[in-house]
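The data block below is model.cif; it holds mmCIF, C-alpha atoms and all ligand atoms.
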```
data_start
#
loop_
_atom_site.group_PDB
_atom_site.id
_atom_site.type_symbol
_atom_site.label_atom_id
_atom_site.label_comp_id
_atom_site.auth_asym_id
_atom_site.auth_seq_id
_atom_site.Cartn_x
_atom_site.Cartn_y
_atom_site.Cartn_z
ATOM 1 C CA MET A 1 0.000 0.000 0.000
ATOM 2 C CA GLU A 2 1.207 3.419 -0.867
ATOM 3 C CA LYS A 3 1.606 5.772 2.028
ATOM 4 C CA LEU A 4 -0.371 8.968 2.382
ATOM 5 C CA ILE A 5 1.863 11.943 1.576
ATOM 6 C CA ILE A 6 0.806 14.634 4.000
ATOM 7 C CA GLY A 7 2.281 17.691 5.667
ATOM 8 C CA SER A 8 1.647 21.328 6.309
ATOM 9 C CA HIS A 9 2.927 24.778 5.914
ATOM 10 C CA VAL A 10 5.993 25.089 8.194
ATOM 11 C CA SER A 11 8.458 27.839 8.968
ATOM 12 C CA TYR A 12 11.917 28.414 7.533
ATOM 13 C CA THR A 13 14.138 30.706 9.544
ATOM 14 C CA LYS A 14 17.042 32.957 8.765
ATOM 15 C CA ASP A 15 19.243 31.133 11.283
ATOM 16 C CA GLU A 16 18.231 27.504 10.849
ATOM 17 C CA GLY A 17 16.889 27.558 7.298
ATOM 18 C CA LEU A 18 15.566 24.243 5.998
ATOM 19 C CA LEU A 19 16.611 22.450 9.189
ATOM 20 C CA LYS A 20 13.937 24.372 11.072
ATOM 21 C CA SER A 21 11.311 23.283 8.514
ATOM 22 C CA VAL A 22 12.249 19.604 8.788
ATOM 23 C CA LYS A 23 12.238 19.604 12.601
ATOM 24 C CA GLU A 24 8.816 21.238 12.645
ATOM 25 C CA THR A 25 7.523 18.704 10.104
ATOM 26 C CA LEU A 26 8.695 15.806 12.263
ATOM 27 C CA SER A 27 6.963 17.312 15.299
ATOM 28 C CA TYR A 28 3.655 17.044 13.403
ATOM 29 C CA ASN A 29 4.290 13.393 12.378
ATOM 30 C CA ALA A 30 4.157 14.568 8.770
ATOM 31 C CA ASN A 31 6.150 13.200 5.830
ATOM 32 C CA THR A 32 6.269 16.282 3.647
ATOM 33 C CA PHE A 33 6.007 20.078 4.050
ATOM 34 C CA MET A 34 5.746 23.461 2.388
ATOM 35 C CA PHE A 35 7.480 26.713 3.306
ATOM 36 C CA TYR A 36 8.325 30.211 2.122
ATOM 37 C CA ILE A 37 12.044 30.955 1.804
ATOM 38 C CA GLY A 38 11.569 33.986 4.062
ATOM 39 C CA ALA A 39 8.394 35.887 4.884
ATOM 40 C CA PRO A 40 5.440 35.271 2.531
ATOM 41 C CA GLN A 41 4.706 38.978 2.253
ATOM 42 C CA ASN A 42 8.169 40.185 1.373
ATOM 43 C CA THR A 43 11.048 39.465 -0.946
ATOM 44 C CA ILE A 44 13.913 39.742 1.531
ATOM 45 C CA ARG A 45 15.985 36.579 1.242
ATOM 46 C CA ALA A 46 18.858 35.469 3.484
ATOM 47 C CA LYS A 47 21.836 33.604 2.069
ATOM 48 C CA ILE A 48 21.317 29.833 2.103
ATOM 49 C CA ASP A 49 23.643 28.031 4.526
ATOM 50 C CA GLU A 50 25.067 25.016 2.704
ATOM 51 C CA GLU A 51 26.023 23.037 5.779
ATOM 52 C CA LYS A 52 22.620 23.388 7.452
ATOM 53 C CA THR A 53 20.925 22.471 4.186
ATOM 54 C CA ILE A 54 22.914 19.237 4.007
ATOM 55 C CA THR A 55 22.080 18.462 7.646
ATOM 56 C CA ALA A 56 18.399 19.080 6.877
ATOM 57 C CA GLN A 57 18.502 16.835 3.821
ATOM 58 C CA LYS A 58 20.123 14.056 5.882
ATOM 59 C CA LEU A 59 17.438 14.400 8.551
ATOM 60 C CA MET A 60 14.807 14.100 5.824
ATOM 61 C CA GLN A 61 16.382 10.916 4.480
ATOM 62 C CA GLU A 62 16.598 9.369 7.935
ATOM 63 C CA ASN A 63 12.900 10.032 8.425
ATOM 64 C CA ASN A 64 11.672 8.954 4.988
ATOM 65 C CA ILE A 65 10.747 12.411 3.825
ATOM 66 C CA ASP A 66 11.096 12.350 0.048
ATOM 67 C CA ILE A 67 12.486 15.736 -1.004
ATOM 68 C CA ASN A 68 10.584 15.369 -4.299
ATOM 69 C CA ASN A 69 7.360 15.867 -2.338
ATOM 70 C CA VAL A 70 8.525 19.053 -0.638
ATOM 71 C CA ILE A 71 7.043 22.351 -1.811
ATOM 72 C CA ILE A 72 8.220 25.940 -1.749
ATOM 73 C CA HIS A 73 5.584 28.668 -1.945
ATOM 74 C CA ALA A 74 6.567 31.811 -3.824
ATOM 75 C CA PRO A 75 5.791 35.038 -1.907
ATOM 76 C CA TYR A 76 2.272 36.179 -2.618
ATOM 77 C CA ILE A 77 3.223 39.776 -3.279
ATOM 78 C CA VAL A 78 4.841 39.064 -6.630
ATOM 79 C CA ASN A 79 2.238 39.696 -9.312
ATOM 80 C CA LEU A 80 2.919 38.504 -12.847
ATOM 81 C CA ALA A 81 -0.501 39.569 -14.147
ATOM 82 C CA ASN A 82 -0.108 43.323 -13.930
ATOM 83 C CA ASN A 83 2.538 45.255 -15.864
ATOM 84 C CA LYS A 84 1.222 48.800 -15.371
ATOM 85 C CA ASP A 85 4.324 49.510 -13.322
ATOM 86 C CA GLU A 86 6.993 48.085 -15.560
ATOM 87 C CA ASP A 87 9.704 48.150 -12.902
ATOM 88 C CA LYS A 88 7.539 46.167 -10.509
ATOM 89 C CA TYR A 89 6.624 43.644 -13.199
ATOM 90 C CA ASN A 90 10.262 43.155 -14.162
ATOM 91 C CA PHE A 91 11.231 42.871 -10.509
ATOM 92 C CA SER A 92 8.669 40.079 -10.067
ATOM 93 C CA ILE A 93 10.078 38.178 -13.038
ATOM 94 C CA ASP A 94 13.641 38.601 -11.872
ATOM 95 C CA PHE A 95 12.768 37.676 -8.290
ATOM 96 C CA LEU A 96 11.004 34.460 -9.314
ATOM 97 C CA LYS A 97 13.925 33.443 -11.490
ATOM 98 C CA LYS A 98 16.172 33.806 -8.459
ATOM 99 C CA GLU A 99 13.636 32.040 -6.222
ATOM 100 C CA LEU A 100 13.761 29.022 -8.533
ATOM 101 C CA LYS A 101 17.555 29.048 -8.252
ATOM 102 C CA ARG A 102 17.261 29.132 -4.454
ATOM 103 C CA ALA A 103 14.826 26.208 -4.617
ATOM 104 C CA GLN A 104 17.406 24.330 -6.662
ATOM 105 C CA THR A 105 20.125 25.131 -4.112
ATOM 106 C CA LEU A 106 17.906 23.606 -1.417
ATOM 107 C CA GLY A 107 17.296 20.529 -3.607
ATOM 108 C CA ILE A 108 13.571 21.228 -3.998
ATOM 109 C CA ASN A 109 11.878 21.016 -7.367
ATOM 110 C CA LYS A 110 8.326 22.319 -6.868
ATOM 111 C CA VAL A 111 7.450 25.976 -6.417
ATOM 112 C CA VAL A 112 3.798 26.965 -5.946
ATOM 113 C CA LEU A 113 2.791 30.299 -7.440
ATOM 114 C CA HIS A 114 -0.369 32.394 -7.338
ATOM 115 C CA PRO A 115 -0.905 33.276 -11.008
ATOM 116 C CA GLY A 116 -1.585 36.940 -10.166
ATOM 117 C CA SER A 117 -4.229 39.680 -10.159
ATOM 118 C CA HIS A 118 -4.847 41.775 -13.253
ATOM 119 C CA VAL A 119 -5.968 44.729 -11.033
ATOM 120 C CA ASN A 120 -7.606 46.798 -13.766
ATOM 121 C CA LEU A 121 -6.146 45.449 -16.986
ATOM 122 C CA GLY A 122 -8.831 42.879 -17.681
ATOM 123 C CA LEU A 123 -8.714 39.108 -17.925
ATOM 124 C CA GLU A 124 -7.045 38.752 -21.286
ATOM 125 C CA LYS A 125 -4.195 41.208 -20.696
ATOM 126 C CA GLY A 126 -3.644 39.724 -17.255
ATOM 127 C CA LEU A 127 -3.331 36.202 -18.585
ATOM 128 C CA ASN A 128 -1.005 37.380 -21.349
ATOM 129 C CA ASN A 129 1.239 39.105 -18.819
ATOM 130 C CA ILE A 130 1.488 35.880 -16.812
ATOM 131 C CA ILE A 131 2.343 33.866 -19.915
ATOM 132 C CA ASN A 132 4.952 36.379 -21.039
ATOM 133 C CA ALA A 133 6.543 36.388 -17.584
ATOM 134 C CA LEU A 134 6.583 32.600 -17.271
ATOM 135 C CA ASN A 135 8.253 32.292 -20.649
ATOM 136 C CA ILE A 136 11.121 34.394 -19.332
ATOM 137 C CA ILE A 137 11.226 32.705 -15.906
ATOM 138 C CA LEU A 138 11.156 29.202 -17.403
ATOM 139 C CA GLU A 139 13.466 29.745 -20.355
ATOM 140 C CA ASP A 140 16.019 27.194 -19.155
ATOM 141 C CA LYS A 141 15.031 23.735 -20.283
ATOM 142 C CA GLU A 142 15.663 22.231 -16.837
ATOM 143 C CA GLY A 143 15.054 23.403 -13.310
ATOM 144 C CA PRO A 144 12.336 23.399 -10.635
ATOM 145 C CA ILE A 145 8.749 23.366 -11.857
ATOM 146 C CA ILE A 146 6.172 26.061 -11.173
ATOM 147 C CA CYS A 147 2.822 24.831 -9.832
ATOM 148 C CA LEU A 148 0.084 27.338 -10.667
ATOM 149 C CA GLU A 149 -2.349 27.473 -7.768
ATOM 150 C CA THR A 150 -6.085 27.485 -8.365
ATOM 151 C CA MET A 151 -7.434 30.678 -6.784
ATOM 152 C CA ALA A 152 -10.653 31.769 -5.052
ATOM 153 C CA GLY A 153 -11.226 34.681 -7.435
ATOM 154 C CA LYS A 154 -10.943 37.338 -4.769
ATOM 155 C CA GLY A 155 -10.823 40.774 -6.383
ATOM 156 C CA THR A 156 -9.219 40.421 -9.797
ATOM 157 C CA GLU A 157 -7.331 37.186 -9.071
ATOM 158 C CA LEU A 158 -6.661 34.985 -12.085
ATOM 159 C CA GLY A 159 -6.559 31.211 -12.020
ATOM 160 C CA LYS A 160 -10.049 30.894 -10.528
ATOM 161 C CA THR A 161 -11.188 28.502 -13.254
ATOM 162 C CA PHE A 162 -9.548 25.477 -14.871
ATOM 163 C CA GLU A 163 -9.975 27.268 -18.188
ATOM 164 C CA GLU A 164 -7.837 30.213 -17.038
ATOM 165 C CA ILE A 165 -5.106 27.880 -15.785
ATOM 166 C CA LYS A 166 -5.298 25.989 -19.090
ATOM 167 C CA THR A 167 -4.914 29.231 -21.057
ATOM 168 C CA ILE A 168 -1.743 30.023 -19.110
ATOM 169 C CA ILE A 169 -0.283 26.541 -19.608
ATOM 170 C CA ASP A 170 -1.108 26.662 -23.326
ATOM 171 C CA GLY A 171 0.895 29.865 -23.662
ATOM 172 C CA VAL A 172 3.971 28.588 -21.840
ATOM 173 C CA ASN A 173 6.640 27.205 -24.182
ATOM 174 C CA ASN A 174 8.386 25.027 -21.622
ATOM 175 C CA LYS A 175 5.431 22.873 -20.602
ATOM 176 C CA GLU A 176 7.687 20.404 -18.779
ATOM 177 C CA ARG A 177 8.148 23.001 -16.068
ATOM 178 C CA VAL A 178 4.559 24.097 -15.442
ATOM 179 C CA LYS A 179 2.041 22.104 -13.405
ATOM 180 C CA VAL A 180 -0.924 22.813 -11.098
ATOM 181 C CA CYS A 181 -1.580 23.053 -7.362
ATOM 182 C CA LEU A 182 -5.215 22.562 -6.345
ATOM 183 C CA ASP A 183 -6.404 24.324 -3.195
ATOM 184 C CA THR A 184 -9.652 22.920 -1.775
ATOM 185 C CA CYS A 185 -10.667 26.175 -0.029
ATOM 186 C CA HIS A 186 -9.980 28.162 -3.187
ATOM 187 C CA LEU A 187 -11.885 25.685 -5.379
ATOM 188 C CA ASN A 188 -14.907 25.921 -3.083
ATOM 189 C CA ASP A 189 -14.761 29.697 -2.904
ATOM 190 C CA ALA A 190 -14.330 29.901 -6.680
ATOM 191 C CA GLY A 191 -17.593 28.009 -7.135
ATOM 192 C CA TYR A 192 -16.535 24.365 -7.640
ATOM 193 C CA ASP A 193 -18.622 21.677 -5.956
ATOM 194 C CA LEU A 194 -16.406 19.655 -3.623
ATOM 195 C CA THR A 195 -19.260 17.391 -2.572
ATOM 196 C CA ASN A 196 -18.818 15.659 -5.930
ATOM 197 C CA PHE A 197 -15.051 15.501 -6.265
ATOM 198 C CA ASP A 198 -15.067 12.734 -8.900
ATOM 199 C CA LYS A 199 -17.011 14.982 -11.210
ATOM 200 C CA LEU A 200 -14.687 17.911 -10.487
ATOM 201 C CA LEU A 201 -11.651 15.742 -11.164
ATOM 202 C CA ASP A 202 -13.148 14.547 -14.456
ATOM 203 C CA GLU A 203 -13.681 18.137 -15.495
ATOM 204 C CA PHE A 204 -10.094 18.977 -14.534
ATOM 205 C CA ASP A 205 -8.879 15.963 -16.474
ATOM 206 C CA LYS A 206 -10.734 16.993 -19.629
ATOM 207 C CA ILE A 207 -9.464 20.569 -19.505
ATOM 208 C CA ILE A 208 -5.932 20.278 -18.107
ATOM 209 C CA GLY A 209 -5.143 16.615 -17.496
ATOM 210 C CA ILE A 210 -5.019 14.912 -14.122
ATOM 211 C CA ASN A 211 -1.291 14.155 -14.465
ATOM 212 C CA ASN A 212 -0.613 17.861 -14.162
ATOM 213 C CA ILE A 213 -1.688 17.973 -10.517
ATOM 214 C CA ALA A 214 1.594 18.299 -8.617
ATOM 215 C CA CYS A 215 0.334 19.416 -5.204
ATOM 216 C CA ILE A 216 -2.923 19.816 -3.280
ATOM 217 C CA HIS A 217 -3.565 22.316 -0.521
ATOM 218 C CA ILE A 218 -6.035 20.789 1.921
ATOM 219 C CA ASN A 219 -8.080 23.435 3.706
ATOM 220 C CA ASP A 220 -11.637 23.755 4.850
ATOM 221 C CA SER A 221 -13.372 27.056 4.042
ATOM 222 C CA LYS A 222 -15.041 29.635 6.265
ATOM 223 C CA ASN A 223 -17.332 30.622 3.432
ATOM 224 C CA ILE A 224 -19.921 29.100 1.145
ATOM 225 C CA LYS A 225 -19.307 27.929 -2.405
ATOM 226 C CA ALA A 226 -18.681 30.745 -4.914
ATOM 227 C CA SER A 227 -18.123 33.339 -2.164
ATOM 228 C CA HIS A 228 -14.766 34.399 -3.719
ATOM 229 C CA LYS A 229 -13.419 35.108 -0.226
ATOM 230 C CA ASP A 230 -10.382 32.855 0.397
ATOM 231 C CA ARG A 231 -10.533 32.365 4.141
ATOM 232 C CA HIS A 232 -9.190 28.996 5.257
ATOM 233 C CA GLU A 233 -10.821 27.012 8.061
ATOM 234 C CA ASN A 234 -9.547 24.093 10.147
ATOM 235 C CA ILE A 235 -10.248 20.622 8.800
ATOM 236 C CA GLY A 236 -13.848 19.573 9.388
ATOM 237 C CA LEU A 237 -14.936 22.914 10.822
ATOM 238 C CA GLY A 238 -15.847 24.670 7.597
ATOM 239 C CA THR A 239 -18.322 24.522 4.750
ATOM 240 C CA ILE A 240 -16.505 21.722 2.877
ATOM 241 C CA GLY A 241 -16.558 19.350 5.808
ATOM 242 C CA PHE A 242 -14.471 16.429 7.013
ATOM 243 C CA GLU A 243 -15.959 13.649 4.862
ATOM 244 C CA ASN A 244 -15.551 15.583 1.613
ATOM 245 C CA LEU A 245 -11.941 16.442 2.462
ATOM 246 C CA ILE A 246 -11.155 12.818 3.382
ATOM 247 C CA LYS A 247 -12.435 11.673 -0.021
ATOM 248 C CA ILE A 248 -10.052 14.105 -1.701
ATOM 249 C CA ILE A 249 -7.084 13.260 0.534
ATOM 250 C CA TYR A 250 -7.461 9.508 -0.039
ATOM 251 C CA HIS A 251 -8.507 9.686 -3.686
ATOM 252 C CA GLU A 252 -7.222 6.700 -5.684
ATOM 253 C CA LYS A 253 -6.011 8.899 -8.557
ATOM 254 C CA LEU A 254 -4.123 11.359 -6.347
ATOM 255 C CA LYS A 255 -2.084 8.945 -4.240
ATOM 256 C CA LYS A 256 1.276 10.256 -5.424
ATOM 257 C CA VAL A 257 0.354 13.913 -4.969
ATOM 258 C CA PRO A 258 1.597 15.643 -1.784
ATOM 259 C CA LYS A 259 -1.213 17.061 0.389
ATOM 260 C CA ILE A 260 -0.404 20.234 2.323
ATOM 261 C CA LEU A 261 -2.467 21.788 5.131
ATOM 262 C CA GLU A 262 -2.651 25.580 5.335
ATOM 263 C CA THR A 263 -5.299 25.823 8.027
ATOM 264 C CA PRO A 264 -5.397 28.668 10.574
ATOM 265 C CA TYR A 265 -3.454 28.726 13.834
ATOM 266 C CA ILE A 266 -5.457 28.410 17.059
ATOM 267 C CA SER A 267 -5.721 30.943 19.902
ATOM 268 C CA VAL A 268 -4.747 29.540 23.275
ATOM 269 C CA ASP A 269 -5.739 31.361 26.433
ATOM 270 C CA ASN A 270 -2.367 31.124 28.212
ATOM 271 C CA GLY A 271 -1.705 34.813 28.562
ATOM 272 C CA LYS A 272 0.925 34.768 25.835
ATOM 273 C CA ASP A 273 -1.155 36.433 23.154
ATOM 274 C CA ARG A 274 -0.048 34.157 20.351
ATOM 275 C CA THR A 275 -1.562 31.412 18.224
ATOM 276 C CA TYR A 276 -0.452 27.787 17.771
ATOM 277 C CA PRO A 277 -0.288 25.396 14.797
ATOM 278 C CA PRO A 278 -3.124 22.841 14.494
ATOM 279 C CA TYR A 279 -1.243 20.507 12.169
ATOM 280 C CA LYS A 280 -0.161 17.706 14.524
ATOM 281 C CA PHE A 281 -3.801 17.233 15.519
ATOM 282 C CA GLU A 282 -5.302 17.649 12.071
ATOM 283 C CA ILE A 283 -2.841 15.149 10.600
ATOM 284 C CA GLU A 284 -3.659 12.634 13.315
ATOM 285 C CA MET A 285 -7.372 13.063 12.618
ATOM 286 C CA ILE A 286 -6.805 12.603 8.879
ATOM 287 C CA LYS A 287 -4.751 9.447 9.469
ATOM 288 C CA ASN A 288 -7.565 8.082 11.667
ATOM 289 C CA LYS A 289 -10.140 9.085 9.029
ATOM 290 C CA LYS A 290 -12.357 10.100 11.915
ATOM 291 C CA PHE A 291 -13.402 13.643 12.789
ATOM 292 C CA ASN A 292 -12.315 14.786 16.233
ATOM 293 C CA GLN A 293 -15.168 16.737 17.813
ATOM 294 C CA ASN A 294 -12.709 18.148 20.351
ATOM 295 C CA LEU A 295 -10.081 19.248 17.840
ATOM 296 C CA ILE A 296 -9.769 22.842 19.045
ATOM 297 C CA LYS A 297 -9.937 21.904 22.724
ATOM 298 C CA ASP A 298 -7.274 19.213 22.274
ATOM 299 C CA ILE A 299 -4.986 21.727 20.562
ATOM 300 C CA GLN A 300 -5.554 24.306 23.295
ATOM 301 C CA ASN A 301 -4.897 21.789 26.060
ATOM 302 C CA TYR A 302 -1.731 20.570 24.371
ATOM 303 C CA TYR A 303 -0.227 24.016 23.985
ATOM 304 C CA ASN A 304 -1.313 25.105 27.411
ATOM 305 C CA LYS A 305 0.669 22.264 28.931
ATOM 306 C CA SER A 306 3.653 22.010 26.646
ATOM 307 C CA LEU A 307 4.631 25.674 26.456
HETATM 308 FE FE FE B 1 -1.180 29.774 -1.971
HETATM 309 FE FE FE B 2 -3.190 27.410 -0.967
HETATM 310 ZN ZN ZN B 3 -5.797 30.745 0.321
#
```

Kindly present the structure from the file in structure tokens form.
Ligand code: FE
Ligand code: FE
Ligand code: ZN
Amino acid sequence: MEKLIIGSHVSYTKDEGLLKSVKETLSYNANTFMFYIGAPQNTIRAKIDEEKTITAQKLMQENNIDINNVIIHAPYIVNLANNKDEDKYNFSIDFLKKELKRAQTLGINKVVLHPGSHVNLGLEKGLNNIINALNIILEDKEGPIICLETMAGKGTELGKTFEEIKTIIDGVNNKERVKVCLDTCHLNDAGYDLTNFDKLLDEFDKIIGINNIACIHINDSKNIKASHKDRHENIGLGTIGFENLIKIIYHEKLKKVPKILETPYISVDNGKDRTYPPYKFEIEMIKNKKFNQNLIKDIQNYYNKSL
């Protein structure tokens, strides 16, 4: 039997780099992970420490974490869809090229990217800007692949339909290096029906091809279908629901695809005014295939005691 490939968003720090990400992953009993090389909302990047990277890679091997299942998320402030400010647009292209090089230095070959928001340029111009940018970013025949994430369609976000993602892929010359990342919260918020995932997957297969799914973000949603909001909820506590998410996570045709949780941190009333990751508990619940009615309470108790 093939093993479930599951993990979550984890941190990557200036001092510990990838080693921090791996340690955090192991603390959640996960076997893959996703991280930003720095803060998601900025483009400041520290130099990658070679020695710590090697230590991290060794730790992964020892714990059966296949580096081919590990994901980097590009910062969400780069926007390839809008070129009104030419300097900004060129900066985004240049930054992503360098981000792919950094991914390569870390030994990671999948980088998730939000396609971008056209702002006020319209759908067609926006999509063309993305295609043009990707053709520069992916001009080398080999290198890490970009996984275009399906989006909720908040504001002027592109990539909210399979057709838009398909248009982008069609325009990219180097198709070997462009794949797709599904996000269950985004799909729901964009208007797709996750209560009939087989049908959704068939539709995806007809338009883009199921083999192009390289990653899946597993999130519940705070909002109803077609709300175009993009607010993630903890597993089983949102409008998608536990059973529907379990069907996706354990889908026969998606066994080899890494599943990544990006669910919200939990407030714990311990006077420290900070929130705590739910992933250890959500992963356990997913492995048990049984919804934990006390999920939030269990998380709060755990972090009240342990920290
Ligand atoms: Fe994302
Ligand atoms: Fe996502
Ligand atoms: Zn999201």

Could you list, as a PyMOL selection string, every residue within 10 Å of Leu148 in chain A, counting all atoms listed in the file and ignoring same-chain residues fewer than 5 positions away? chain A and resi 111-116+159+165+168-169+178-182+213-215

Excluding range 239-244 of chain A and any residue of its chain fewer than 5 positions from it, enumerate the residues within 6 Å of it, using all atoms listed in the file, and give them as an mmCIF file with C-alpha atoms, in the coordinates of the input.
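Writing the result to out31.cif gives the following:
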```cif
data_model
loop_
_atom_site.group_PDB
_atom_site.id
_atom_site.type_symbol
_atom_site.label_atom_id
_atom_site.label_comp_id
_atom_site.auth_asym_id
_atom_site.auth_seq_id
_atom_site.Cartn_x
_atom_site.Cartn_y
_atom_site.Cartn_z
ATOM 1 C CA THR A 195 -19.260 17.391 -2.572
ATOM 2 C CA ASP A 220 -11.637 23.755 4.850
ATOM 3 C CA SER A 221 -13.372 27.056 4.042
#
```

Report as a PyMOL selection string which protein, DNA and RNA residues come within 8 Å of ligand FE 2 (chain B), using all atoms listed in the file. chain A and resi 149-151+181-186+216-219+262

Got a sec to resolve the PyMOL selection byres (((chain A and resi 263) around 6) and not hetatm) on this structure and send the residues as a list in words?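 Answer for the PyMOL selection byres (((chain A and resi 263) around 6) and not hetatm): Asn219, His232, Glu233, Asn234, Leu261, Glu262 and Pro264 of chain A.
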
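Neighbouring residues of range 131-133 of chain A at 7 Å or closer, counting all atoms listed in the file and skipping chain neighbours under 2 positions away, are A:Leu80, A:Ile93, A:Leu127, A:Asn128, A:Asn129, A:Asn135, A:Ile136, A:Ile137, A:Ile168, A:Gly171, A:Val172.
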
Using the chain letters and numbers from the file, give me the residues hit by the PyMOL selection byres (((chain A and resi 108) around 8) and not hetatm), as an mmCIF file with C-alpha atoms, in the frame of the given file.
```
data_model
loop_
_atom_site.group_PDB
_atom_site.id
_atom_site.type_symbol
_atom_site.label_atom_id
_atom_site.label_comp_id
_atom_site.auth_asym_id
_atom_site.auth_seq_id
_atom_site.Cartn_x
_atom_site.Cartn_y
_atom_site.Cartn_z
ATOM 1 C CA ILE A 67 12.486 15.736 -1.004
ATOM 2 C CA ASN A 68 10.584 15.369 -4.299
ATOM 3 C CA VAL A 70 8.525 19.053 -0.638
ATOM 4 C CA ILE A 71 7.043 22.351 -1.811
ATOM 5 C CA ILE A 72 8.220 25.940 -1.749
ATOM 6 C CA ALA A 103 14.826 26.208 -4.617
ATOM 7 C CA GLN A 104 17.406 24.330 -6.662
ATOM 8 C CA THR A 105 20.125 25.131 -4.112
ATOM 9 C CA LEU A 106 17.906 23.606 -1.417
ATOM 10 C CA GLY A 107 17.296 20.529 -3.607
ATOM 11 C CA ASN A 109 11.878 21.016 -7.367
ATOM 12 C CA LYS A 110 8.326 22.319 -6.868
ATOM 13 C CA PRO A 144 12.336 23.399 -10.635
#
```

As number ranges by chain, please: the residues near Phe197 in chain A (cut-off 8 Å, all atoms listed in the file, same-chain neighbours under 3 positions excluded). A: 193-194, 200-201, 244, 247-248

List every protein, DNA or RNA residue that has at least one atom no more than 12 Å from (0.0, 6.7, 1.9) in the file's coordinates, counting all atoms listed in the file, and write the result as a compact mmCIF listing (two decimals) with C-alpha atoms, in the coordinates of the input.
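Dumped everything to point.txt:
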```txt
# COMPACT_ATOMS: atom_id res chain seq x y z
CA MET A 1 0.00 0.00 0.00
CA GLU A 2 1.21 3.42 -0.87
CA LYS A 3 1.61 5.77 2.03
CA LEU A 4 -0.37 8.97 2.38
CA ILE A 5 1.86 11.94 1.58
CA ILE A 6 0.81 14.63 4.00
CA GLY A 7 2.28 17.69 5.67
CA ALA A 30 4.16 14.57 8.77
CA ASN A 31 6.15 13.20 5.83
CA THR A 32 6.27 16.28 3.65
CA ILE A 249 -7.08 13.26 0.53
CA TYR A 250 -7.46 9.51 -0.04
CA HIS A 251 -8.51 9.69 -3.69
CA GLU A 252 -7.22 6.70 -5.68
CA LEU A 254 -4.12 11.36 -6.35
CA LYS A 255 -2.08 8.94 -4.24
CA LYS A 256 1.28 10.26 -5.42
CA VAL A 257 0.35 13.91 -4.97
CA PRO A 258 1.60 15.64 -1.78
CA LYS A 259 -1.21 17.06 0.39
CA ILE A 286 -6.80 12.60 8.88
CA LYS A 287 -4.75 9.45 9.47
```

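Distances from A:Asn174, A:Asn83, A:Gln293, A:Gln300 to Pro277 in chain A were compared using only C-alpha atoms, and the smallest one belongs to A:Gln300.
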
Closest of A:Glu99, A:Glu157, A:Asp269, A:Asp85 to ligand FE 1 (chain B) - atom-to-atom distances counting only C-alpha atoms and all ligand atoms: A:Glu157

From the list A:Val10, A:Ala74, A:Leu158, A:Leu19, which residue is nearest ligand FE 1 (chain B) when using all atoms listed in the file?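 Selected residue with least distance to ligand FE 1 (chain B): A:Ala74.
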
Do you have the CA of Lys101 in chain A-CA of Phe162 in chain A distance handy? 28.1 Å

Just add N, CA and C atoms to range 32-43 of chain A and send it as an mmCIF file, keeping the file's coordinate frame.
```
data_model
loop_
_atom_site.group_PDB
_atom_site.id
_atom_site.type_symbol
_atom_site.label_atom_id
_atom_site.label_comp_id
_atom_site.auth_asym_id
_atom_site.auth_seq_id
_atom_site.Cartn_x
_atom_site.Cartn_y
_atom_site.Cartn_z
ATOM 1 N N THR A 32 5.867 15.263 4.613
ATOM 2 C CA THR A 32 6.269 16.282 3.647
ATOM 3 C C THR A 32 5.946 17.652 4.244
ATOM 4 N N PHE A 33 6.260 18.733 3.519
ATOM 5 C CA PHE A 33 6.007 20.078 4.050
ATOM 6 C C PHE A 33 6.099 21.127 2.954
ATOM 7 N N MET A 34 5.634 22.316 3.292
ATOM 8 C CA MET A 34 5.746 23.461 2.388
ATOM 9 C C MET A 34 6.208 24.675 3.195
ATOM 10 N N PHE A 35 6.996 25.522 2.589
ATOM 11 C CA PHE A 35 7.480 26.713 3.306
ATOM 12 C C PHE A 35 7.751 27.850 2.327
ATOM 13 N N TYR A 36 7.859 29.049 2.880
ATOM 14 C CA TYR A 36 8.325 30.211 2.122
ATOM 15 C C TYR A 36 9.796 30.398 2.472
ATOM 16 N N ILE A 37 10.630 30.683 1.509
ATOM 17 C CA ILE A 37 12.044 30.955 1.804
ATOM 18 C C ILE A 37 12.131 32.392 2.325
ATOM 19 N N GLY A 38 11.665 32.622 3.537
ATOM 20 C CA GLY A 38 11.569 33.986 4.062
ATOM 21 C C GLY A 38 10.104 34.284 4.315
ATOM 22 N N ALA A 39 9.781 35.540 4.578
ATOM 23 C CA ALA A 39 8.394 35.887 4.884
ATOM 24 C C ALA A 39 7.549 35.864 3.607
ATOM 25 N N PRO A 40 6.295 35.354 3.717
ATOM 26 C CA PRO A 40 5.440 35.271 2.531
ATOM 27 C C PRO A 40 5.146 36.623 1.902
ATOM 28 N N GLN A 41 5.121 37.667 2.756
ATOM 29 C CA GLN A 41 4.706 38.978 2.253
ATOM 30 C C GLN A 41 5.863 39.878 1.841
ATOM 31 N N ASN A 42 7.099 39.349 1.910
ATOM 32 C CA ASN A 42 8.169 40.185 1.373
ATOM 33 C C ASN A 42 9.175 39.390 0.549
ATOM 34 N N THR A 43 10.095 40.111 -0.040
ATOM 35 C CA THR A 43 11.048 39.465 -0.946
ATOM 36 C C THR A 43 12.478 39.553 -0.410
#
```
